[in-house]
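Enquirer: Below: one structure in structure tokens.
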Amino acid sequence: MKCVLIAGDSAEVLFYWTDPDFQQDVQDQYGLSQEEGQRPPAFEDSINTLFAPIIISCSTMVDRLGDSYACFTTESDHIYVLHQFDDCLYIAVNGDGEEGEDDLRRKIFVTKKLIEVLFGMVTLSSNLLRKELRPQDTEQRTRLWKQLQGLLETYSRLRENDQSFLVEAVERLIHPTLCEQCIEFLERRLVQHLNSTSSLERCGEEVLHAFILVHTKLLAFYSSRNTSTLSPSDLLTLIVMAQNMYHSNTDEEDPGPEDVDSVSGSGPEMFYTPEPSPTNRRSSGSDRPSRGETPMFEFVDPDIQIAEDSLQTLEVPPPDPAAPCRVFLEVSLKDGLYPMMPHSMYCLPLWPGITLVLLTKIPNSGVAMSVYVYLEAFAKLEKRLYEGQEGSAATRGQPTIHDLRGKLDKFIKALGPCDIQTSQLQNVWSEFKKRAFTRGGPGFTKELIPWCKSMKTQLCGVYKQCFLNEASRGATAPQRLSPALQDQAQAMVQEKLIDWKDFLLVKSKRNITMVSYPHLTYLEDFPGLIHFICVDRSTGQMIAPSLNITERSTSELGKGPLAQFLRGKVWGLVRTTRRYLQKGYTTVTLRDGDFYFCYFLWFENETGYKLEEVDLPVLADDSAPIGMLARDYYRKLLRYYSKNHHGEVVKCYELITIHLGVIPTEYILQHCRQLASKLWEPSRNPLLSATAPDETRSLRKSFSELMSCTTCGVKQALCRAFPVWWMISGFRIRKCSALRGISSTTPLQNHSFDQKLCRGRTTKEEEPG
Amino acid sequence: MAELMMLDSRRCTYFFLYDGSKVQGEGDPTREGICYFYPEKTPIDKQELLCGQLAGVSRCVSEMSSSPVRVLRLRHSKFAIKMEEDFFWALGCSADFPTVSMCDLLDQLISLFCFYNGPVRQSYQENSRETLALHWSQYLLYLQTGSTELHHIFSCLRTIDSTHIDPLLLLKAALILQACQRCPLVLAGCILFRGRVVSTQMPPDLTVKVMAHETQTYNKDKKPNGVSSSAPLSRAVTSTTVHLTLSELQDLRSTTVDRESRSHSTPSKDNRPQRTRLSRTLSDTPSTDSHTDLETDSPDTPLRLDGLLSPVLSRGAEQSAARPTVNPPLFQFSESSPSTNRKGPRSGSNEEEDEDDSVLEKSYYYSFHSHGGNTSQADLQGEASPLAEASALENKPPATPMADGRSGPGCWTPGQEGSPEGRAASRGSRDGRNSGGASLPRVGDKDRAVVPMTLYQHRVKGLVLALLVEPHFQRDTEAMEEVYHSSLASLNGLEAHLRTMAPGPPSPQGPYIFAHYDCIQNTLTTNVSGRAGGDQDHSFVRATSLLHSHFCNSEALQEAIIRSARTAVYATRSVAQETYFLQHGGVVRNSGVPNHQDTAFSLPSKARHRLLKHGVSLL
């Protein structure tokens, strides 16, 4: 019983997503009220009628009371969460008890984020957004809604099953050597190669970021020089999108190990977890009936696979497989932060579950930056006028509207030859100028407000023409890297990783393992520790033992109901701690049944010195959810904290642990302290160093089994990989560019991948050349 | 008085009752449906807006989910909602007031109204809106006044500060109540002093309702609607009609009455064997041989006296008189009954029929007479009215100790207090009420049907003896006089003693703040003064309300420590109690990094140590 709905200000439904239960429920309600023989109304109409009173009442409350609904709870614990963004009302409903109020609000914000990534600055004009979200053309609408619905389903699935989406931080595959090699490969071979081909073949695009995903985990990430960093929020969103494109490949079948298993007849399945989770089956349910049975491993060529896929998925004409996805991401440059800048995203599947993602800069992206500058200027002006500042007071600030005048003139002129209709913008702009700047005109008064508004709308319109519907502009060649080039890229990485493929798939399921059911103990060092999650919020990365809870697989936490129970505890605990964090509590310990939970949030400076705690802001119940995916709470938190720490790099960490309740509290706290201090330190990381005997033992076992049944090439690769396990040094991965001339076996502590991801520019400045 | 009048503005911002049946057609103005709106000065169009929108949207949501809306939140405030038939209640609070407490408050308010006025529909047919509006505002004021924000969070009873009171006085109050109960028409009672409970035999929620009347008369010194002064007795005595739900009534009848001794002492209509005083004063009590005061052949008299002493003594030993003797133990079972109802072997329908027939006509009074005086207790258990039978079935595990070991009405016996089933059940029912799950019969037909009873009040200055009595008690002048005269002297004495007890200076707060909530007696012990709440007080209250909500929503949670940069609060709960503790100035500026030397983690041991002297045992 789940539903997400977006309504415009005239109560029309702009988008909806429901699960089958909800759809059934609505149809039942309408089925009853229908007369015999009459066909039930279309589902879209029913849902519109159902929600219309709520939507209308909501806008009445806003108009007349200045307040609006945030949440309804019924006695049967159905929850409705409502949130208004500009003129759009988002409603999320749950009637099966699987989601709480916080989850629903998060879903709403995630929906908003997805829309922002897909539509960019068009979201700033509710008029245009309405047209984009609900295209007149039914076919187009079906396609768009299916895409968004798929994204939401993928997000929900990840949110329910994947720890990295539970805490909203990126999880990396812990294999430094391989990571290093891959980063180096991405930089020196792939990106360099791609960017050095002829501009014609690239269509003027330039690869900015390249990364390899194994399921949801990050194997390697490379950003080219002088490029802004990719924010954790955007990265997480891109992972959702990549998962959505190939999600059948990721979870439902990992043919390799499965297949192998049955052939060899040995090896308990506990080391492989390639199980279709029930959620997937359900979510892919009605509209993709044959997907489950498709023996994916028969399709060796991923391209064929996609084609097959799309045929089944969409009734509408299949999209060009080589067409990139237009995404709008945040770009931070020296002169400021530019949200929603256009990029092209290429998701190249290497094997089921392993994906190469390329993010490119498109040729005319400078237009977006200008549009943003003008938009901001007009928004500021409008705000000042609203506040009653008129005349020169309204035009203060940087850059002043007078500065912009000339620039905007030029901008409009420059747009002319680009097939972009600027006549309307031009009209509005000249009208604006007439009113604002001419002597004897009204000048900067409140009367200018509507003109500010329409300038904004016109600018958004230009942006939309430039970046959203290129196809309709009748451009001769589609804007993309040529398919041949994409194939090349794909082949290069495939070649590079072919020996690692199976290893990576297993590894992604058992990235870090805790051990060993049924004792439920963890390492000699941490008796009684059942599970933990540690998050570095300044880089948006997390580390946690794998927690696989699919039916047939066994995780450290055991199998079946017990694992499911503990998983429920972990999920509940994260929800609880967020609730307390929202109210300003940074330390929480709970004794709950047989378990003892701890949560800590703290700040450190770059050298690991623990910084003093400050009172955190207390947020309202309906404030944006705490996390990094939709709205980056932690970035705000760091900014808030940094106010008192000028010139110092502040890092923020979180630790969540679950212990057995019988362990004395002081030991538990000691464990937490050890975990907190060691987890991010490469040399002493207890999980990753040789002091993890159980871990190694189980891994050794899994490898030996793998070895016994895989092909020669894989064997070799594993032989090479295995010793590395003993000296895994975790998270400080040297940056490839720093490795030139240095033996590839000497780790470099100074240049960390973390830093690269976190503060790309700083790191770059440190490394001349 | 000042305290009583202090209105905590943070609690209720809006309250209204909207009758949807009055606004059916298109043209019907919304104002027709507004039965009561608080604050009354709200402009009518705003009233209409709120009523119309909230009722409309709630109806829409309820239809979609086929379940009534319980909580409606706006950006800046929130509402507890109750939808029943065509009536729509909404109670609005500020956003930081715990939702659980807000819903409790609304339930309390509605049941309070029904207690004094009967079913809502009926009372609106019989009375004018203006009259009832007055009542709503009185009840709203009553439930909101007084005490601290903490009291509001827990919706608890206001009790006298027993730390300044001689425990013997509490005992005396309990004795007075028990003596009154010897009149078979008396169901249960409580003694109140200046708006606070001294001793009660009723479950907490019923005590709250009974107190409402007392507080009104005490405050306003005028007779509210429906009160008839009983002519023969002094003006100090009033009685008013109240309405008990069937389950409440059944609990009172089945658990508090010491049937055997009563059946002996019951004055039959024509011949009363004795004209002794029902009451015994403290001076009587020790002389067990003064049998003239007691029933001659009552076999369990000595036992009863032991029992009488036990509440205070054992409690005193255990908890050094932290609280007044609000006799709790029996009510944990009675509280449990609503939730056990559906599981029990009794099928609602025919039993209710029985009750409906029996309730008014053959009440306990008569049924006992029919059995004569020599019925054994076991027989009574077996053959008593269907009510008793039902309750005996319901309370199976506790029934045995009650039947055999119970030593007196409303008395404490260790076995009962310790009975895990009772506690668990009572907790369960409380949880059920809080979470409002659909599976639990929230407002069963049983709760909706009400039985008129009489509330008898005898006032001696600040002291009030309030008794719930059978309706025909009023007509039975003899019984009335007897109750009056037998308690008069004791009440006077008690009043004199209580009056001279100086309220004492507020105890110095010490280096810590705590709150101890007894879920069963629904009482709160705290050293938060509530007046000039300091910064720490405020953060303590904030943390407490968060933790209390968490406790209410999580069954397995036993203890918690939460810490911000400035405050650390420790909370622990068992089925019977919740305790919150904050140490002043204890939190050293800390980095927040996990560290076992962090002072926050020493709170549990500190709390255990410090609170012992407040009679709170966390061991």
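Chain labels A, B, ... are given in the sequence in which chains occur in the structure tokens; within each chain residues are numbered consecutively from 1, and ligands are likewise numbered from 1 in the order shown.
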Taking only C-alpha atoms into account, report as a PyMOL selection string which residues of chain A lie within 7 Å of chain B.

Expert: chain A and resi 53-54+57+67-78+584-593+600-602+610-615+622+666+669-670+672-673

Enquirer: Tell me which protein, DNA and RNA residues are within 10 Å of Leu337 of chain A, counting only C-alpha atoms, leaving out same-chain ones fewer than 5 positions away, and put them as a PyMOL selection string.

Expert: chain A and resi 228+330-332+369

Enquirer: Which parts of segment 337-564 of chain A does DSSP call strand (DSSP E or B) when run on the backbone here, written out as number ranges by chain?

Expert: A: 337-351, 354-361, 522, 526, 529-536, 541-543, 555, 558

Enquirer: What gap, in Å, lies between atom CA of Cys58 of chain A and atom CA of Tyr90 of chain A?

Expert: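 Here the two named atoms are 11.0 Å from each other.
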
Enquirer: Restricting the calculation to only C-alpha atoms: of A:Gln674, A:Thr123, A:Thr360, A:Gln243, which residue gets closest to Arg480 of chain A?

Expert: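 Using only C-alpha atoms, the shortest distance to Arg480 of chain A belongs to A:Thr360.
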
Enquirer: Of the residues A:Tyr222, A:Lys507, A:Leu408, A:Gln465, which is the one nearest to Gly120 of chain A, using only C-alpha atoms?

Expert: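 Going through A:Tyr222, A:Lys507, A:Leu408, A:Gln465 one by one, the smallest distance to Gly120 of chain A is for A:Gln465.
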
Enquirer: Set the distance at 12 Å and use only C-alpha atoms: which residues neighbour Glu495 of chain B once local chain neighbours fewer than 5 positions away are removed? I'd like the list as a ChimeraX atom specification.

Expert: /B:169-170,172-173,191-194,198,459-465,487-490,500-501

Enquirer: Quick one: write out the picked residues with C-alpha atoms as a tab-separated table (two decimals), in the first residue's frame?

Expert:
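Below is the file that was written, part-v5.tsv:
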```
chain	number	residue	atom	x	y	z
B	169	LEU	CA	-2.73	10.70	57.60
B	170	LEU	CA	-2.66	8.83	54.34
B	172	LYS	CA	-6.39	7.54	57.83
B	173	ALA	CA	-7.71	8.69	54.49
B	191	ILE	CA	-10.32	11.85	49.12
B	192	LEU	CA	-9.04	15.08	47.69
B	193	PHE	CA	-7.45	18.03	49.35
B	194	ARG	CA	-7.26	21.34	47.54
B	198	VAL	CA	-4.91	12.19	49.07
B	459	ARG	CA	-16.84	18.80	51.53
B	460	VAL	CA	-15.07	19.85	54.65
B	461	LYS	CA	-13.38	23.10	53.74
B	462	GLY	CA	-10.53	22.15	51.46
B	463	LEU	CA	-11.10	18.48	51.88
B	464	VAL	CA	-13.52	16.50	49.80
B	465	LEU	CA	-14.74	13.00	50.13
B	487	SER	CA	-17.18	9.91	58.05
B	488	LEU	CA	-17.79	13.42	59.29
B	489	ALA	CA	-15.61	13.33	62.33
B	490	SER	CA	-12.75	11.62	60.56
B	500	THR	CA	-1.82	22.59	59.39
B	501	MET	CA	0.72	20.78	57.34
```

Enquirer: Please run DSSP on the backbone and report, as a PyMOL selection string, all residues within segment 452-544 of chain B that come out as helix (DSSP H, G or I).

Expert: chain B and resi 471-473+477-500+535-544
